Amino acid sequence: GWKKEAKMSTESKASPITMSEFVKGLRKPKILALCGSQRTGSFNKMLLAYAVECIKSSGEAECEVIDLAELKLPLYNPNDEAASFPEAAKSLKAKLVACHGIIITCPEYNGLLSPLLLNAITWATRGEGGMYDGFKGKCATVMATSPGKMGGLRMLRSLQEMLMDMGSLIIPAHSAFGGAFQLFDKEGKLSDERAQGKVKTACAQLVHHSRFEANREHDCVIVKAIKEQKMMGEYGEVGI
């Protein structure tokens, strides 16, 4: 009778698992890493390299570095957009759409992000699909370093605001490192323990929050709401 069925139902239940076991069974998030500098010996390239190493060594996320200089994107001009949309821009946007988290390091140019990074972001908001499809719902952390005391803090604030306006979820870590000449060793590796700790923490937070995005189902009502939401300055699908 019902007692026998209840017993069988109880016995058939899966054994409880720990939180760590549950996390191991989740899909790994895909993190895209970008640097807004193309200078040889760039401190921000060195900073990104350490951050990528932290993410990869954790074994909890996939991480791909995109060299924006190698994309050789032309200076954005709407007059040329329809006639010759760069394949590299299509590829960049597709990778941004497919990722779950973004990490960016960039030098400060007069309080703002570099022309290289701004041009890449501009191209990534054009082409097929919605303007901000590559940024909506993506977890993002931004970092900067410079020889100056503020370490690029003004740039971080402006870049964070830009990403938020495009729908990204910003990891609230203040990762601006001044005194860059003292932070890296002769091989170009970040050697300052305090800076190392901050970068590790920011990367761990990025992976943690990106994991939730990676394991949402595509038909999830939250995902649908995010995609359908119009952000500031967004005016619908952009054709080419």
# chains A, B, ... in the order shown; residues from 1 in each chain; ligands from 1

$ select_by_dssp --residues "stretch 12-207 of chain A" --states "strand (DSSP E or B)" --output "ChimeraX atom specification"
/A:30-35,62-66,101-105,109,112,130,139-145,169-170,175-177,184,190

$ residues_around --residues "stretch 72-84 of chain A" --least-positions-apart "4" --cutoff "9 Å" --atoms "only C-alpha atoms" --output "list in words"
Leu68, Ala88, Ala89, Leu116, Asn119, Ala120, Thr122, Trp123, Arg126, Gly127, Gly239 and Ile240 of chain A

$ closest_residue --among "A:Ser114, A:Thr105, A:Ser20, A:Ser57" --to "A:Val142" --atoms "only C-alpha atoms"
A:Thr105

$ residues_around --residues "A:Met155" --least-positions-apart "2" --cutoff "6 Å" --atoms "only C-alpha atoms" --output "PyMOL selection string"
chain A and resi 108+111-113+152-153+157-158

$ residues_around --residues "A:Glu60" --least-positions-apart "3" --cutoff "9 Å" --atoms "only C-alpha atoms" --output "ChimeraX atom specification"
/A:24,28-29,55-57,207-208,211

$ select_by_dssp --residues "stretch 103-239 of chain A" --states "helix (DSSP H, G or I)" --output "number ranges by chain"
A: 115-124, 153-165, 180-182, 193-214, 221-228

$ residues_around --residues "A:Cys99" --least-positions-apart "3" --cutoff "6 Å" --atoms "only C-alpha atoms" --output "ChimeraX atom specification"
/A:30-31,96

$ closest_atom_pairs --of "stretch 78-117 of chain A" --to "stretch 143-150 of chain A" --cutoff "7 Å" --atoms "only C-alpha atoms" --output "CSV"
residue,atom,partner,partner_atom,distance
A:Ile104,CA,A:Met143,CA,6.2
A:Thr105,CA,A:Met143,CA,4.7
A:Cys106,CA,A:Ala144,CA,5.4
A:Pro107,CA,A:Ala144,CA,6.0

$ write_last_selection --atoms "N, CA and C atoms" --output "tab-separated table (two decimals), in the first residue's frame"
chain	number	residue	atom	x	y	z
A	104	ILE	N	38.85	43.71	-17.49
A	104	ILE	CA	39.52	44.72	-18.31
A	104	ILE	C	40.58	45.45	-17.48
A	105	THR	N	41.77	45.59	-18.06
A	105	THR	CA	42.77	46.50	-17.50
A	105	THR	C	43.03	47.57	-18.54
A	106	CYS	N	43.28	48.79	-18.08
A	106	CYS	CA	43.44	49.87	-19.04
A	106	CYS	C	44.20	51.04	-18.41
A	107	PRO	N	45.07	51.67	-19.16
A	107	PRO	CA	45.72	52.88	-18.65
A	107	PRO	C	44.76	54.06	-18.69

$ closest_atom_pairs --of "stretch 47-121 of chain A" --to "stretch 214-217 of chain A" --cutoff "10 Å" --atoms "only C-alpha atoms" --output "tab-separated table"
residue	atom	partner	partner_atom	distance
A:Ala61	CA	A:Ala214	CA	10.0
A:Ala98	CA	A:Ala214	CA	9.8
A:Cys99	CA	A:Ala214	CA	8.3
A:His100	CA	A:Ala214	CA	6.0
A:Gly101	CA	A:Ala214	CA	9.0

$ closest_atom_pairs --of "stretch 34-74 of chain A" --to "stretch 164-183 of chain A" --cutoff "12 Å" --atoms "only C-alpha atoms" --output "CSV"
residue,atom,partner,partner_atom,distance
A:Gly41,CA,A:Phe181,CA,11.4
A:Ser42,CA,A:Ala180,CA,10.1
A:Phe43,CA,A:Ala180,CA,6.9
A:Asn44,CA,A:Ala180,CA,9.2
A:Lys45,CA,A:Ala180,CA,11.9
A:Met46,CA,A:Leu183,CA,10.1
A:Leu47,CA,A:Leu183,CA,9.5
A:Leu48,CA,A:Ser175,CA,11.6
A:Tyr50,CA,A:Leu183,CA,11.8
A:Ala51,CA,A:Ser175,CA,11.2

$ write_last_selection --atoms "N, CA, C and O atoms" --output "PDB file, in the first residue's frame"
ATOM      1  N   GLY A  41      55.853  46.603 -23.067  1.00  0.00           N
ATOM      2  CA  GLY A  41      56.218  46.751 -21.662  1.00  0.00           C
ATOM      3  C   GLY A  41      55.138  47.398 -20.814  1.00  0.00           C
ATOM      4  O   GLY A  41      55.417  47.933 -19.737  1.00  0.00           O
ATOM      5  N   SER A  42      53.900  47.346 -21.287  1.00  0.00           N
ATOM      6  CA  SER A  42      52.774  47.974 -20.590  1.00  0.00           C
ATOM      7  C   SER A  42      52.547  47.359 -19.210  1.00  0.00           C
ATOM      8  O   SER A  42      52.467  46.142 -19.065  1.00  0.00           O
ATOM      9  N   PHE A  43      52.435  48.219 -18.195  1.00  0.00           N
ATOM     10  CA  PHE A  43      52.140  47.743 -16.841  1.00  0.00           C
ATOM     11  C   PHE A  43      50.741  47.120 -16.785  1.00  0.00           C
ATOM     12  O   PHE A  43      50.507  46.170 -16.030  1.00  0.00           O
ATOM     13  N   ASN A  44      49.818  47.659 -17.559  1.00  0.00           N
ATOM     14  CA  ASN A  44      48.452  47.128 -17.541  1.00  0.00           C
ATOM     15  C   ASN A  44      48.361  45.769 -18.215  1.00  0.00           C
ATOM     16  O   ASN A  44      47.535  44.935 -17.841  1.00  0.00           O
ATOM     17  N   LYS A  45      49.231  45.505 -19.207  1.00  0.00           N
ATOM     18  CA  LYS A  45      49.312  44.165 -19.776  1.00  0.00           C
ATOM     19  C   LYS A  45      49.842  43.182 -18.726  1.00  0.00           C
ATOM     20  O   LYS A  45      49.378  42.050 -18.625  1.00  0.00           O
ATOM     21  N   MET A  46      50.831  43.631 -17.952  1.00  0.00           N
ATOM     22  CA  MET A  46      51.389  42.780 -16.897  1.00  0.00           C
ATOM     23  C   MET A  46      50.327  42.495 -15.828  1.00  0.00           C
ATOM     24  O   MET A  46      50.227  41.375 -15.326  1.00  0.00           O
ATOM     25  N   LEU A  47      49.544  43.511 -15.512  1.00  0.00           N
ATOM     26  CA  LEU A  47      48.478  43.357 -14.516  1.00  0.00           C
ATOM     27  C   LEU A  47      47.435  42.360 -15.003  1.00  0.00           C
ATOM     28  O   LEU A  47      46.991  41.480 -14.244  1.00  0.00           O
ATOM     29  N   LEU A  48      47.064  42.465 -16.277  1.00  0.00           N
ATOM     30  CA  LEU A  48      46.082  41.534 -16.835  1.00  0.00           C
ATOM     31  C   LEU A  48      46.627  40.112 -16.845  1.00  0.00           C
ATOM     32  O   LEU A  48      45.896  39.158 -16.553  1.00  0.00           O
ATOM     33  N   TYR A  50      48.652  38.727 -14.782  1.00  0.00           N
ATOM     34  CA  TYR A  50      48.564  38.149 -13.437  1.00  0.00           C
ATOM     35  C   TYR A  50      47.116  37.768 -13.117  1.00  0.00           C
ATOM     36  O   TYR A  50      46.861  36.706 -12.535  1.00  0.00           O
ATOM     37  N   ALA A  51      46.179  38.621 -13.499  1.00  0.00           N
ATOM     38  CA  ALA A  51      44.764  38.333 -13.245  1.00  0.00           C
ATOM     39  C   ALA A  51      44.320  37.075 -13.992  1.00  0.00           C
ATOM     40  O   ALA A  51      43.617  36.221 -13.432  1.00  0.00           O
TER      41      ALA A  51
END

$ closest_residue --among "A:Met131, A:Leu163, A:Leu117, A:Leu190" --to "A:Ala69" --atoms "only C-alpha atoms"
A:Leu117

$ atom_distance --atom1 "atom CA of A:Lys138" --atom2 "atom CA of A:Arg27"
15.8 Å

$ atom_distance --atom1 "atom CA of A:Lys198" --atom2 "atom CA of A:Ser58"
15.4 Å

$ atom_distance --atom1 "atom CA of A:Thr125" --atom2 "atom CA of A:Glu234"
9.6 Å

$ decode --residues "stretch 46-168 of chain A" --atoms "C-alpha atoms" --output "PDB file, in the first residue's frame"
ATOM      1  CA  MET A  46      51.389  42.780 -16.897  1.00  0.00           C
ATOM      2  CA  LEU A  47      48.478  43.357 -14.516  1.00  0.00           C
ATOM      3  CA  LEU A  48      46.082  41.534 -16.835  1.00  0.00           C
ATOM      4  CA  ALA A  49      48.528  38.639 -17.215  1.00  0.00           C
ATOM      5  CA  TYR A  50      48.564  38.149 -13.437  1.00  0.00           C
ATOM      6  CA  ALA A  51      44.764  38.333 -13.245  1.00  0.00           C
ATOM      7  CA  VAL A  52      44.378  35.772 -16.039  1.00  0.00           C
ATOM      8  CA  GLU A  53      46.849  33.501 -14.249  1.00  0.00           C
ATOM      9  CA  CYS A  54      44.741  33.753 -11.080  1.00  0.00           C
ATOM     10  CA  ILE A  55      41.564  32.822 -12.956  1.00  0.00           C
ATOM     11  CA  LYS A  56      43.101  29.917 -14.864  1.00  0.00           C
ATOM     12  CA  SER A  57      44.966  28.500 -11.874  1.00  0.00           C
ATOM     13  CA  SER A  58      41.716  28.362  -9.883  1.00  0.00           C
ATOM     14  CA  GLY A  59      40.423  25.743 -12.309  1.00  0.00           C
ATOM     15  CA  GLU A  60      36.934  27.191 -11.866  1.00  0.00           C
ATOM     16  CA  ALA A  61      36.596  29.174 -15.088  1.00  0.00           C
ATOM     17  CA  GLU A  62      37.731  29.338 -18.688  1.00  0.00           C
ATOM     18  CA  CYS A  63      39.562  32.523 -19.642  1.00  0.00           C
ATOM     19  CA  GLU A  64      40.408  33.860 -23.092  1.00  0.00           C
ATOM     20  CA  VAL A  65      42.614  36.899 -23.699  1.00  0.00           C
ATOM     21  CA  ILE A  66      41.728  39.134 -26.646  1.00  0.00           C
ATOM     22  CA  ASP A  67      44.597  41.299 -27.916  1.00  0.00           C
ATOM     23  CA  LEU A  68      42.745  44.407 -29.080  1.00  0.00           C
ATOM     24  CA  ALA A  69      45.767  45.725 -30.981  1.00  0.00           C
ATOM     25  CA  GLU A  70      45.975  42.521 -33.021  1.00  0.00           C
ATOM     26  CA  LEU A  71      42.362  42.976 -34.134  1.00  0.00           C
ATOM     27  CA  LYS A  72      43.529  46.048 -36.110  1.00  0.00           C
ATOM     28  CA  LEU A  73      40.087  47.616 -35.951  1.00  0.00           C
ATOM     29  CA  PRO A  74      39.814  50.829 -37.989  1.00  0.00           C
ATOM     30  CA  LEU A  75      38.741  54.003 -36.257  1.00  0.00           C
ATOM     31  CA  TYR A  76      34.972  53.722 -36.073  1.00  0.00           C
ATOM     32  CA  ASN A  77      33.233  55.689 -38.800  1.00  0.00           C
ATOM     33  CA  PRO A  78      29.476  55.229 -39.308  1.00  0.00           C
ATOM     34  CA  ASN A  79      29.868  56.199 -42.976  1.00  0.00           C
ATOM     35  CA  ASP A  80      31.970  53.095 -43.583  1.00  0.00           C
ATOM     36  CA  GLU A  81      30.009  50.728 -41.344  1.00  0.00           C
ATOM     37  CA  ALA A  82      27.502  49.384 -43.871  1.00  0.00           C
ATOM     38  CA  ALA A  83      29.986  48.981 -46.696  1.00  0.00           C
ATOM     39  CA  SER A  84      32.830  47.257 -44.860  1.00  0.00           C
ATOM     40  CA  PHE A  85      32.028  45.968 -41.391  1.00  0.00           C
ATOM     41  CA  PRO A  86      35.259  44.408 -40.011  1.00  0.00           C
ATOM     42  CA  GLU A  87      35.213  40.654 -39.457  1.00  0.00           C
ATOM     43  CA  ALA A  88      37.316  41.238 -36.336  1.00  0.00           C
ATOM     44  CA  ALA A  89      34.538  43.421 -34.902  1.00  0.00           C
ATOM     45  CA  LYS A  90      31.956  40.698 -35.589  1.00  0.00           C
ATOM     46  CA  SER A  91      34.193  38.159 -33.851  1.00  0.00           C
ATOM     47  CA  LEU A  92      34.757  40.428 -30.837  1.00  0.00           C
ATOM     48  CA  LYS A  93      31.027  41.026 -30.393  1.00  0.00           C
ATOM     49  CA  ALA A  94      30.257  37.311 -30.753  1.00  0.00           C
ATOM     50  CA  LYS A  95      32.794  36.440 -28.065  1.00  0.00           C
ATOM     51  CA  LEU A  96      31.407  39.092 -25.742  1.00  0.00           C
ATOM     52  CA  VAL A  97      27.872  37.779 -26.279  1.00  0.00           C
ATOM     53  CA  ALA A  98      29.008  34.221 -25.522  1.00  0.00           C
ATOM     54  CA  CYS A  99      30.996  35.011 -22.374  1.00  0.00           C
ATOM     55  CA  HIS A 100      29.685  35.286 -18.813  1.00  0.00           C
ATOM     56  CA  GLY A 101      32.274  37.613 -17.332  1.00  0.00           C
ATOM     57  CA  ILE A 102      34.642  40.346 -18.509  1.00  0.00           C
ATOM     58  CA  ILE A 103      37.900  41.553 -16.993  1.00  0.00           C
ATOM     59  CA  ILE A 104      39.519  44.723 -18.310  1.00  0.00           C
ATOM     60  CA  THR A 105      42.767  46.502 -17.496  1.00  0.00           C
ATOM     61  CA  CYS A 106      43.440  49.874 -19.037  1.00  0.00           C
ATOM     62  CA  PRO A 107      45.720  52.876 -18.655  1.00  0.00           C
ATOM     63  CA  GLU A 108      44.255  56.284 -17.921  1.00  0.00           C
ATOM     64  CA  TYR A 109      44.219  58.858 -20.703  1.00  0.00           C
ATOM     65  CA  ASN A 110      43.255  62.292 -19.347  1.00  0.00           C
ATOM     66  CA  GLY A 111      40.936  60.664 -16.820  1.00  0.00           C
ATOM     67  CA  LEU A 112      39.303  58.409 -19.408  1.00  0.00           C
ATOM     68  CA  LEU A 113      39.871  55.022 -21.049  1.00  0.00           C
ATOM     69  CA  SER A 114      42.338  54.592 -23.881  1.00  0.00           C
ATOM     70  CA  PRO A 115      41.365  55.227 -27.529  1.00  0.00           C
ATOM     71  CA  LEU A 116      42.166  51.564 -28.287  1.00  0.00           C
ATOM     72  CA  LEU A 117      39.628  50.270 -25.767  1.00  0.00           C
ATOM     73  CA  LEU A 118      36.991  52.892 -26.570  1.00  0.00           C
ATOM     74  CA  ASN A 119      37.172  52.083 -30.281  1.00  0.00           C
ATOM     75  CA  ALA A 120      36.861  48.342 -29.592  1.00  0.00           C
ATOM     76  CA  ILE A 121      33.828  48.869 -27.335  1.00  0.00           C
ATOM     77  CA  THR A 122      32.254  51.117 -29.977  1.00  0.00           C
ATOM     78  CA  TRP A 123      32.613  48.425 -32.657  1.00  0.00           C
ATOM     79  CA  ALA A 124      31.286  45.794 -30.209  1.00  0.00           C
ATOM     80  CA  THR A 125      28.048  47.767 -29.849  1.00  0.00           C
ATOM     81  CA  ARG A 126      27.449  47.791 -33.597  1.00  0.00           C
ATOM     82  CA  GLY A 127      26.583  45.095 -36.130  1.00  0.00           C
ATOM     83  CA  GLU A 128      23.910  42.427 -35.923  1.00  0.00           C
ATOM     84  CA  GLY A 129      21.826  42.109 -32.781  1.00  0.00           C
ATOM     85  CA  GLY A 130      21.157  44.561 -30.002  1.00  0.00           C
ATOM     86  CA  MET A 131      23.629  47.332 -29.242  1.00  0.00           C
ATOM     87  CA  TYR A 132      24.530  46.057 -25.799  1.00  0.00           C
ATOM     88  CA  ASP A 133      24.066  42.303 -26.217  1.00  0.00           C
ATOM     89  CA  GLY A 134      27.774  41.821 -25.519  1.00  0.00           C
ATOM     90  CA  PHE A 135      27.520  43.578 -22.158  1.00  0.00           C
ATOM     91  CA  LYS A 136      24.008  43.066 -20.758  1.00  0.00           C
ATOM     92  CA  GLY A 137      24.021  40.786 -17.728  1.00  0.00           C
ATOM     93  CA  LYS A 138      27.786  40.227 -17.915  1.00  0.00           C
ATOM     94  CA  CYS A 139      29.741  40.373 -14.688  1.00  0.00           C
ATOM     95  CA  ALA A 140      32.697  42.721 -15.078  1.00  0.00           C
ATOM     96  CA  THR A 141      35.703  43.838 -13.112  1.00  0.00           C
ATOM     97  CA  VAL A 142      38.052  46.605 -14.182  1.00  0.00           C
ATOM     98  CA  MET A 143      41.607  47.283 -13.017  1.00  0.00           C
ATOM     99  CA  ALA A 144      44.330  49.801 -13.715  1.00  0.00           C
ATOM    100  CA  THR A 145      47.853  50.638 -12.717  1.00  0.00           C
ATOM    101  CA  SER A 146      50.161  53.569 -13.392  1.00  0.00           C
ATOM    102  CA  PRO A 147      53.309  55.177 -11.975  1.00  0.00           C
ATOM    103  CA  GLY A 148      51.142  57.924 -10.464  1.00  0.00           C
ATOM    104  CA  LYS A 149      49.661  57.714  -6.979  1.00  0.00           C
ATOM    105  CA  MET A 150      46.026  57.335  -8.098  1.00  0.00           C
ATOM    106  CA  GLY A 151      46.836  54.390 -10.347  1.00  0.00           C
ATOM    107  CA  GLY A 152      44.203  55.226 -12.968  1.00  0.00           C
ATOM    108  CA  LEU A 153      41.292  55.599 -10.537  1.00  0.00           C
ATOM    109  CA  ARG A 154      39.543  58.269 -12.595  1.00  0.00           C
ATOM    110  CA  MET A 155      39.566  55.993 -15.641  1.00  0.00           C
ATOM    111  CA  LEU A 156      38.152  53.122 -13.584  1.00  0.00           C
ATOM    112  CA  ARG A 157      35.197  55.203 -12.500  1.00  0.00           C
ATOM    113  CA  SER A 158      34.351  56.354 -16.016  1.00  0.00           C
ATOM    114  CA  LEU A 159      34.733  52.825 -17.444  1.00  0.00           C
ATOM    115  CA  GLN A 160      32.615  51.327 -14.666  1.00  0.00           C
ATOM    116  CA  GLU A 161      29.879  53.866 -15.380  1.00  0.00           C
ATOM    117  CA  MET A 162      30.019  53.093 -19.107  1.00  0.00           C
ATOM    118  CA  LEU A 163      29.733  49.345 -18.516  1.00  0.00           C
ATOM    119  CA  MET A 164      26.860  49.808 -16.057  1.00  0.00           C
ATOM    120  CA  ASP A 165      24.988  51.954 -18.586  1.00  0.00           C
ATOM    121  CA  MET A 166      25.323  49.045 -21.029  1.00  0.00           C
ATOM    122  CA  GLY A 167      23.845  46.609 -18.505  1.00  0.00           C
ATOM    123  CA  SER A 168      26.940  44.992 -17.006  1.00  0.00           C
TER     124      SER A 168
END
